[in-house]
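Printed here is protein-v2.cif (mmCIF, N, CA and C atoms):
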```
data_data
loop_
_atom_site.label_atom_id
_atom_site.label_comp_id
_atom_site.auth_asym_id
_atom_site.auth_seq_id
_atom_site.Cartn_x
_atom_site.Cartn_y
_atom_site.Cartn_z
N MET A 29 130.48 109.05 -158.84
CA MET A 29 131.25 110.28 -158.83
C MET A 29 132.54 110.06 -159.62
N ALA A 30 132.92 111.08 -160.36
CA ALA A 30 134.11 110.99 -161.20
C ALA A 30 135.38 110.90 -160.36
N GLN A 31 136.36 110.19 -160.88
CA GLN A 31 137.67 110.09 -160.22
C GLN A 31 138.41 111.42 -160.40
N ILE A 32 138.87 111.96 -159.30
CA ILE A 32 139.57 113.24 -159.32
C ILE A 32 141.06 113.00 -159.16
N ASP A 33 141.83 113.66 -160.01
CA ASP A 33 143.29 113.54 -159.96
C ASP A 33 143.85 114.91 -159.60
N ILE A 34 144.20 115.07 -158.32
CA ILE A 34 144.68 116.36 -157.83
C ILE A 34 146.13 116.24 -157.39
N ASN A 35 146.96 117.15 -157.87
CA ASN A 35 148.36 117.19 -157.50
C ASN A 35 148.49 118.00 -156.19
N PRO A 36 148.87 117.35 -155.09
CA PRO A 36 148.97 118.08 -153.82
C PRO A 36 150.00 119.20 -153.84
N TRP A 37 151.05 119.04 -154.64
CA TRP A 37 152.06 120.11 -154.74
C TRP A 37 151.49 121.33 -155.43
N ALA A 38 150.66 121.11 -156.44
CA ALA A 38 150.01 122.23 -157.12
C ALA A 38 149.07 122.96 -156.17
N VAL A 39 148.34 122.20 -155.37
CA VAL A 39 147.44 122.80 -154.38
C VAL A 39 148.23 123.65 -153.38
N LEU A 40 149.34 123.11 -152.90
CA LEU A 40 150.17 123.84 -151.95
C LEU A 40 150.76 125.11 -152.57
N VAL A 41 151.30 124.99 -153.78
CA VAL A 41 151.90 126.16 -154.45
C VAL A 41 150.82 127.21 -154.72
N ALA A 42 149.67 126.80 -155.19
CA ALA A 42 148.58 127.75 -155.46
C ALA A 42 148.16 128.46 -154.16
N ALA A 43 148.12 127.75 -153.05
CA ALA A 43 147.76 128.35 -151.77
C ALA A 43 148.82 129.36 -151.32
N VAL A 44 150.08 129.01 -151.48
CA VAL A 44 151.16 129.92 -151.09
C VAL A 44 151.15 131.16 -151.99
N VAL A 45 150.91 130.97 -153.27
CA VAL A 45 150.81 132.11 -154.19
C VAL A 45 149.63 132.99 -153.78
N ASN A 46 148.53 132.39 -153.40
CA ASN A 46 147.36 133.13 -152.91
C ASN A 46 147.76 134.02 -151.74
N MET A 47 148.48 133.46 -150.78
CA MET A 47 148.91 134.23 -149.62
C MET A 47 149.90 135.33 -150.00
N ALA A 48 150.81 135.03 -150.91
CA ALA A 48 151.78 136.03 -151.36
C ALA A 48 151.06 137.20 -152.05
N LEU A 49 150.08 136.87 -152.88
CA LEU A 49 149.29 137.92 -153.53
C LEU A 49 148.57 138.77 -152.49
N GLY A 50 148.02 138.13 -151.46
CA GLY A 50 147.36 138.87 -150.39
C GLY A 50 148.30 139.79 -149.65
N ALA A 51 149.51 139.29 -149.39
CA ALA A 51 150.51 140.11 -148.70
C ALA A 51 150.86 141.34 -149.53
N LEU A 52 150.95 141.17 -150.84
CA LEU A 52 151.23 142.30 -151.72
C LEU A 52 150.03 143.23 -151.85
N TRP A 53 148.87 142.65 -152.07
CA TRP A 53 147.64 143.42 -152.29
C TRP A 53 147.34 144.34 -151.11
N TYR A 54 147.49 143.80 -149.90
CA TYR A 54 147.14 144.57 -148.71
C TYR A 54 148.36 145.26 -148.08
N ALA A 55 149.47 145.29 -148.78
CA ALA A 55 150.65 146.01 -148.31
C ALA A 55 150.43 147.52 -148.47
N PRO A 56 151.08 148.31 -147.62
CA PRO A 56 150.88 149.77 -147.69
C PRO A 56 151.21 150.38 -149.06
N PHE A 57 152.15 149.80 -149.80
CA PHE A 57 152.52 150.39 -151.09
C PHE A 57 151.53 150.07 -152.20
N LEU A 58 150.59 149.15 -151.97
CA LEU A 58 149.53 148.91 -152.95
C LEU A 58 148.21 149.42 -152.38
N PHE A 59 147.42 148.54 -151.78
CA PHE A 59 146.09 148.93 -151.31
C PHE A 59 145.93 148.91 -149.79
N GLY A 60 147.01 148.67 -149.06
CA GLY A 60 146.94 148.55 -147.61
C GLY A 60 146.41 149.78 -146.90
N LYS A 61 146.82 150.96 -147.33
CA LYS A 61 146.35 152.19 -146.69
C LYS A 61 144.86 152.40 -146.95
N ILE A 62 144.44 152.14 -148.17
CA ILE A 62 143.02 152.26 -148.51
C ILE A 62 142.21 151.25 -147.69
N TRP A 63 142.74 150.04 -147.58
CA TRP A 63 142.07 148.98 -146.83
C TRP A 63 141.90 149.38 -145.37
N MET A 64 142.98 149.83 -144.74
CA MET A 64 142.91 150.21 -143.32
C MET A 64 141.97 151.40 -143.12
N THR A 65 142.01 152.37 -144.01
CA THR A 65 141.10 153.52 -143.92
C THR A 65 139.65 153.07 -144.06
N SER A 66 139.40 152.15 -144.98
CA SER A 66 138.05 151.65 -145.21
C SER A 66 137.52 150.86 -144.02
N LEU A 67 138.43 150.20 -143.30
CA LEU A 67 138.02 149.44 -142.12
C LEU A 67 137.71 150.34 -140.93
N GLN A 68 138.23 151.56 -140.95
CA GLN A 68 138.04 152.53 -139.87
C GLN A 68 138.49 151.96 -138.52
N ARG A 69 139.69 151.42 -138.50
CA ARG A 69 140.26 150.85 -137.27
C ARG A 69 140.98 151.92 -136.47
N ARG A 70 140.88 151.82 -135.16
CA ARG A 70 141.65 152.69 -134.27
C ARG A 70 143.03 152.08 -134.07
N ASP A 71 143.97 152.92 -133.67
CA ASP A 71 145.35 152.46 -133.47
C ASP A 71 145.43 151.32 -132.46
N LYS A 72 144.64 151.37 -131.40
CA LYS A 72 144.65 150.30 -130.39
C LYS A 72 144.17 148.98 -130.99
N GLU A 73 143.17 149.07 -131.84
CA GLU A 73 142.65 147.87 -132.49
C GLU A 73 143.70 147.26 -133.43
N VAL A 74 144.40 148.11 -134.13
CA VAL A 74 145.43 147.65 -135.06
C VAL A 74 146.55 146.95 -134.30
N GLU A 75 146.96 147.52 -133.19
CA GLU A 75 148.02 146.90 -132.37
C GLU A 75 147.58 145.54 -131.84
N LYS A 76 146.34 145.44 -131.43
CA LYS A 76 145.82 144.15 -130.94
C LYS A 76 145.81 143.12 -132.06
N LEU A 77 145.44 143.55 -133.25
CA LEU A 77 145.43 142.65 -134.41
C LEU A 77 146.85 142.18 -134.73
N LYS A 78 147.82 143.08 -134.63
CA LYS A 78 149.21 142.72 -134.91
C LYS A 78 149.72 141.67 -133.94
N GLN A 79 149.24 141.70 -132.71
CA GLN A 79 149.66 140.72 -131.71
C GLN A 79 149.19 139.31 -132.07
N ASN A 80 148.11 139.23 -132.80
CA ASN A 80 147.55 137.94 -133.20
C ASN A 80 147.91 137.55 -134.62
N SER A 81 148.89 138.22 -135.22
CA SER A 81 149.15 138.01 -136.65
C SER A 81 149.58 136.59 -136.98
N ASN A 82 150.34 135.93 -136.13
CA ASN A 82 150.73 134.54 -136.42
C ASN A 82 149.51 133.63 -136.46
N TYR A 83 148.62 133.83 -135.55
CA TYR A 83 147.35 133.08 -135.51
C TYR A 83 146.56 133.33 -136.79
N PHE A 84 146.48 134.60 -137.19
CA PHE A 84 145.75 134.96 -138.40
C PHE A 84 146.40 134.35 -139.64
N HIS A 85 147.73 134.37 -139.70
CA HIS A 85 148.44 133.81 -140.85
C HIS A 85 148.20 132.30 -140.96
N LEU A 86 148.17 131.62 -139.84
CA LEU A 86 147.92 130.17 -139.85
C LEU A 86 146.54 129.88 -140.44
N PHE A 87 145.52 130.59 -139.97
CA PHE A 87 144.18 130.32 -140.48
C PHE A 87 143.99 130.83 -141.90
N THR A 88 144.72 131.86 -142.27
CA THR A 88 144.70 132.31 -143.66
C THR A 88 145.30 131.25 -144.57
N LEU A 89 146.38 130.63 -144.13
CA LEU A 89 146.98 129.54 -144.90
C LEU A 89 146.02 128.36 -145.02
N LEU A 90 145.36 128.01 -143.94
CA LEU A 90 144.38 126.92 -144.00
C LEU A 90 143.25 127.26 -144.97
N GLY A 91 142.77 128.48 -144.93
CA GLY A 91 141.73 128.91 -145.86
C GLY A 91 142.21 128.88 -147.30
N ALA A 92 143.45 129.31 -147.52
CA ALA A 92 144.01 129.29 -148.87
C ALA A 92 144.17 127.85 -149.37
N LEU A 93 144.55 126.95 -148.48
CA LEU A 93 144.67 125.53 -148.86
C LEU A 93 143.30 124.95 -149.22
N VAL A 94 142.30 125.27 -148.45
CA VAL A 94 140.94 124.77 -148.75
C VAL A 94 140.46 125.33 -150.08
N SER A 95 140.63 126.64 -150.28
CA SER A 95 140.22 127.25 -151.55
C SER A 95 140.94 126.62 -152.73
N SER A 96 142.23 126.43 -152.58
CA SER A 96 143.03 125.83 -153.65
C SER A 96 142.60 124.39 -153.93
N PHE A 97 142.35 123.63 -152.88
CA PHE A 97 141.94 122.24 -153.02
C PHE A 97 140.58 122.13 -153.71
N VAL A 98 139.65 122.96 -153.30
CA VAL A 98 138.31 122.93 -153.92
C VAL A 98 138.39 123.41 -155.37
N LEU A 99 139.14 124.48 -155.60
CA LEU A 99 139.30 124.96 -156.98
C LEU A 99 139.95 123.89 -157.86
N ALA A 100 140.89 123.13 -157.29
CA ALA A 100 141.52 122.04 -158.05
C ALA A 100 140.49 121.02 -158.51
N HIS A 101 139.48 120.77 -157.69
CA HIS A 101 138.40 119.86 -158.09
C HIS A 101 137.67 120.39 -159.32
N PHE A 102 137.31 121.66 -159.29
CA PHE A 102 136.61 122.25 -160.43
C PHE A 102 137.47 122.24 -161.68
N VAL A 103 138.75 122.57 -161.52
CA VAL A 103 139.67 122.56 -162.65
C VAL A 103 139.72 121.16 -163.25
N ASP A 104 139.81 120.15 -162.39
CA ASP A 104 139.87 118.78 -162.87
C ASP A 104 138.54 118.34 -163.50
N TYR A 105 137.42 118.71 -162.88
CA TYR A 105 136.10 118.34 -163.41
C TYR A 105 135.90 118.82 -164.84
N VAL A 106 136.33 120.05 -165.12
CA VAL A 106 136.10 120.59 -166.46
C VAL A 106 137.21 120.23 -167.43
N GLY A 107 138.26 119.63 -166.93
CA GLY A 107 139.35 119.19 -167.79
C GLY A 107 140.24 120.33 -168.28
N ALA A 108 140.34 121.39 -167.48
CA ALA A 108 141.19 122.52 -167.86
C ALA A 108 142.66 122.12 -167.75
N THR A 109 143.40 122.29 -168.84
CA THR A 109 144.82 121.92 -168.84
C THR A 109 145.73 123.04 -169.31
N THR A 110 145.16 124.20 -169.62
CA THR A 110 145.97 125.35 -169.98
C THR A 110 145.78 126.44 -168.93
N PHE A 111 146.75 127.34 -168.85
CA PHE A 111 146.65 128.42 -167.88
C PHE A 111 145.37 129.23 -168.10
N TRP A 112 145.08 129.51 -169.37
CA TRP A 112 143.89 130.28 -169.72
C TRP A 112 142.61 129.56 -169.29
N ALA A 113 142.53 128.28 -169.55
CA ALA A 113 141.34 127.51 -169.15
C ALA A 113 141.20 127.48 -167.63
N GLY A 114 142.32 127.34 -166.93
CA GLY A 114 142.29 127.37 -165.47
C GLY A 114 141.84 128.71 -164.95
N MET A 115 142.27 129.78 -165.62
CA MET A 115 141.82 131.12 -165.23
C MET A 115 140.32 131.28 -165.41
N GLN A 116 139.79 130.68 -166.46
CA GLN A 116 138.34 130.75 -166.69
C GLN A 116 137.59 130.04 -165.57
N VAL A 117 138.08 128.90 -165.14
CA VAL A 117 137.46 128.19 -164.01
C VAL A 117 137.54 129.06 -162.76
N GLY A 118 138.71 129.65 -162.53
CA GLY A 118 138.88 130.55 -161.39
C GLY A 118 137.92 131.72 -161.44
N LEU A 119 137.72 132.27 -162.63
CA LEU A 119 136.79 133.39 -162.80
C LEU A 119 135.37 133.00 -162.38
N TRP A 120 134.90 131.85 -162.86
CA TRP A 120 133.53 131.44 -162.54
C TRP A 120 133.37 131.10 -161.06
N CYS A 121 134.40 130.49 -160.48
CA CYS A 121 134.34 130.19 -159.04
C CYS A 121 134.36 131.49 -158.23
N TRP A 122 135.18 132.43 -158.65
CA TRP A 122 135.23 133.74 -157.98
C TRP A 122 133.87 134.42 -158.05
N LEU A 123 133.29 134.44 -159.24
CA LEU A 123 132.01 135.12 -159.43
C LEU A 123 130.91 134.46 -158.59
N GLY A 124 130.87 133.14 -158.62
CA GLY A 124 129.79 132.43 -157.92
C GLY A 124 129.96 132.33 -156.42
N PHE A 125 131.20 132.23 -155.96
CA PHE A 125 131.41 131.96 -154.54
C PHE A 125 131.97 133.14 -153.76
N VAL A 126 132.66 134.04 -154.40
CA VAL A 126 133.23 135.19 -153.68
C VAL A 126 132.33 136.41 -153.86
N VAL A 127 132.12 136.82 -155.10
CA VAL A 127 131.34 138.02 -155.37
C VAL A 127 129.93 137.90 -154.81
N ALA A 128 129.31 136.77 -155.08
CA ALA A 128 127.92 136.59 -154.67
C ALA A 128 127.74 136.51 -153.16
N THR A 129 128.70 135.93 -152.46
CA THR A 129 128.54 135.81 -151.00
C THR A 129 129.07 137.02 -150.26
N ALA A 130 130.10 137.67 -150.78
CA ALA A 130 130.68 138.82 -150.09
C ALA A 130 129.73 140.01 -150.08
N ILE A 131 128.85 140.09 -151.06
CA ILE A 131 127.94 141.23 -151.11
C ILE A 131 127.00 141.23 -149.90
N SER A 132 126.56 140.06 -149.48
CA SER A 132 125.66 139.99 -148.32
C SER A 132 126.33 140.48 -147.05
N SER A 133 127.54 139.96 -146.77
CA SER A 133 128.22 140.39 -145.56
C SER A 133 128.57 141.88 -145.63
N THR A 134 128.90 142.37 -146.80
CA THR A 134 129.20 143.80 -146.95
C THR A 134 127.98 144.64 -146.61
N LEU A 135 126.83 144.26 -147.13
CA LEU A 135 125.61 145.03 -146.89
C LEU A 135 125.16 144.93 -145.43
N TYR A 136 125.10 143.72 -144.89
CA TYR A 136 124.60 143.54 -143.54
C TYR A 136 125.55 144.07 -142.46
N GLU A 137 126.84 144.11 -142.76
CA GLU A 137 127.81 144.64 -141.80
C GLU A 137 128.05 146.13 -141.99
N GLY A 138 127.38 146.72 -142.97
CA GLY A 138 127.51 148.15 -143.21
C GLY A 138 128.88 148.56 -143.72
N ARG A 139 129.55 147.66 -144.41
CA ARG A 139 130.88 147.98 -144.96
C ARG A 139 130.75 148.85 -146.21
N SER A 140 131.81 149.54 -146.52
CA SER A 140 131.78 150.44 -147.67
C SER A 140 131.89 149.67 -148.99
N LYS A 141 131.40 150.30 -150.04
CA LYS A 141 131.55 149.73 -151.38
C LYS A 141 133.03 149.63 -151.75
N LYS A 142 133.80 150.61 -151.32
CA LYS A 142 135.23 150.63 -151.61
C LYS A 142 135.90 149.39 -151.04
N LEU A 143 135.56 149.04 -149.80
CA LEU A 143 136.13 147.86 -149.16
C LEU A 143 135.68 146.59 -149.87
N TYR A 144 134.42 146.55 -150.27
CA TYR A 144 133.91 145.40 -151.01
C TYR A 144 134.71 145.18 -152.29
N PHE A 145 134.87 146.23 -153.08
CA PHE A 145 135.58 146.09 -154.35
C PHE A 145 137.07 145.81 -154.15
N LEU A 146 137.63 146.37 -153.11
CA LEU A 146 139.04 146.09 -152.79
C LEU A 146 139.23 144.61 -152.47
N ASN A 147 138.35 144.07 -151.64
CA ASN A 147 138.47 142.66 -151.25
C ASN A 147 138.17 141.70 -152.40
N ILE A 148 137.10 141.96 -153.13
CA ILE A 148 136.80 141.02 -154.23
C ILE A 148 137.82 141.16 -155.35
N GLY A 149 138.44 142.33 -155.46
CA GLY A 149 139.52 142.51 -156.45
C GLY A 149 140.69 141.60 -156.15
N TYR A 150 141.05 141.53 -154.86
CA TYR A 150 142.13 140.61 -154.47
C TYR A 150 141.76 139.17 -154.82
N TYR A 151 140.56 138.76 -154.45
CA TYR A 151 140.17 137.38 -154.73
C TYR A 151 140.05 137.11 -156.23
N PHE A 152 139.70 138.13 -157.00
CA PHE A 152 139.67 137.99 -158.45
C PHE A 152 141.04 137.58 -158.99
N VAL A 153 142.05 138.33 -158.59
CA VAL A 153 143.42 138.03 -159.03
C VAL A 153 143.85 136.67 -158.49
N ALA A 154 143.58 136.41 -157.22
CA ALA A 154 144.01 135.15 -156.59
C ALA A 154 143.37 133.94 -157.27
N PHE A 155 142.06 134.00 -157.54
CA PHE A 155 141.39 132.85 -158.16
C PHE A 155 141.84 132.64 -159.60
N LEU A 156 142.10 133.72 -160.32
CA LEU A 156 142.60 133.57 -161.68
C LEU A 156 143.97 132.89 -161.68
N VAL A 157 144.87 133.37 -160.84
CA VAL A 157 146.22 132.81 -160.81
C VAL A 157 146.20 131.38 -160.27
N MET A 158 145.44 131.13 -159.20
CA MET A 158 145.37 129.76 -158.66
C MET A 158 144.78 128.81 -159.70
N GLY A 159 143.72 129.24 -160.39
CA GLY A 159 143.13 128.38 -161.41
C GLY A 159 144.12 128.06 -162.51
N GLY A 160 144.90 129.05 -162.93
CA GLY A 160 145.92 128.82 -163.95
C GLY A 160 146.99 127.85 -163.49
N ILE A 161 147.47 128.03 -162.28
CA ILE A 161 148.50 127.12 -161.73
C ILE A 161 147.97 125.70 -161.64
N LEU A 162 146.77 125.57 -161.14
CA LEU A 162 146.19 124.23 -160.95
C LEU A 162 145.94 123.53 -162.28
N ALA A 163 145.63 124.29 -163.30
CA ALA A 163 145.34 123.69 -164.62
C ALA A 163 146.59 123.18 -165.29
N VAL A 164 147.68 123.93 -165.20
CA VAL A 164 148.89 123.51 -165.93
C VAL A 164 149.72 122.51 -165.16
N TRP A 165 149.53 122.43 -163.87
CA TRP A 165 150.33 121.54 -163.03
C TRP A 165 149.53 120.29 -162.69
N VAL A 166 149.29 119.49 -163.69
CA VAL A 166 148.49 118.26 -163.50
C VAL A 166 149.36 117.05 -163.21
#
```

Output the file's structure in the form of structure tokens.
Amino acid sequence: MAQIDINPWAVLVAAVVNMALGALWYAPFLFGKIWMTSLQRRDKEVEKLKQNSNYFHLFTLLGALVSSFVLAHFVDYVGATTFWAGMQVGLWCWLGFVVATAISSTLYEGRSKKLYFLNIGYYFVAFLVMGGILAVWV
């Protein structure tokens, strides 16, 4: 197996940027209202979710760290060293791992197409930016 050289600071920054993008993407002034409408949540459900938000943020950060760490491996494997090259790696990872797997859960859970495209749109932006960060910060 090839020797992998991963910068832990780049992984951390890419994960934090991922979370910041998510906070913006799902904020009411961008796509948050559409997202909540697409989820068809009742007010009581939303309040219960808000009570667990710290718990959710912790696991979201862990997921972002894992995604960033794994993406860093792909960036390193292909030798991407420019922002553009890193974005290309992010694009292919997004297409293969997000788009392809999210469609199944969307269909089997009866979620709307609007929600599917909203969610994969966020991951599209996140994977492009994370890939770019990871490529230039070697």

With distances taken over only C-alpha atoms, which residue among A:Ser66, A:Ile148, A:Gln116, A:Ala55 lies nearest A:Ile131?
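Closest candidate: A:Ile148.
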
Gap from atom CA of A:His101 to atom CA of A:Asn82 - Å, one decimal:
28.9 Å

Atom-to-atom span, atom CA of A:Leu143 and atom CA of A:Trp63, Å
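Computed distance, atom CA of A:Leu143 to atom CA of A:Trp63, equals 6.5 Å.
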
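With the shown file loaded, the PyMOL selection byres ((chain A and resi 157) around 8) picks out Ala42, Val45, Asn46, Gly114, Met115, Gly118, Leu119, Tyr151, Phe152, Val153, Ala154, Phe155, Leu156, Met158, Gly159, Gly160, Ile161, Leu162 and Ala163 of chain A.
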
Let me have the centre and edge lengths in Å, one decimal, of the box along x, y and z around every listed atom of stretch 146-164 of chain A with 8 Å of margin on each side, as lines of an AutoDock Vina configuration file.
```
center_x = 143.3
center_y = 134.4
center_z = -158.6
size_x = 28.9
size_y = 39.9
size_z = 30.7
```

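Going from atom CA of A:Ile32 over to atom CA of A:Met47, you cover 24.9 Å.
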
Hits from the PyMOL selection byres ((chain A and resi 38) around 8), listed as a list in words
Ile34, Asn35, Pro36, Trp37, Val39, Leu40, Val41, Ala42, Ala43, Val44, Ser96, Phe97, Ala100, Ile161, Leu162, Ala163, Trp165 and Val166 of chain A

Looking at A:Leu89, A:Tyr144, A:Thr110, A:Thr65, which one is nearest to A:Ser132, with distances taken over only C-alpha atoms?
A:Tyr144

Got a sec to tell me which of chain A DSSP assigns to helix (DSSP H, G or I), as an NGL selection string?
:A and (36-53 or 60-67 or 71-79 or 81-106 or 111-136 or 141-164)

Nearest to A:Asn147, chosen from A:Leu86, A:Ala48, A:Val117, A:Ile62, with only C-alpha atoms counted in the distances:
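Using only C-alpha atoms, the shortest distance to A:Asn147 belongs to A:Ile62.
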
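For the set A:Ser140, A:Ala108, A:Ala51, A:Ala130, the residue with the smallest atom-to-atom gap to A:Gln68 is A:Ser140, counting only C-alpha atoms.
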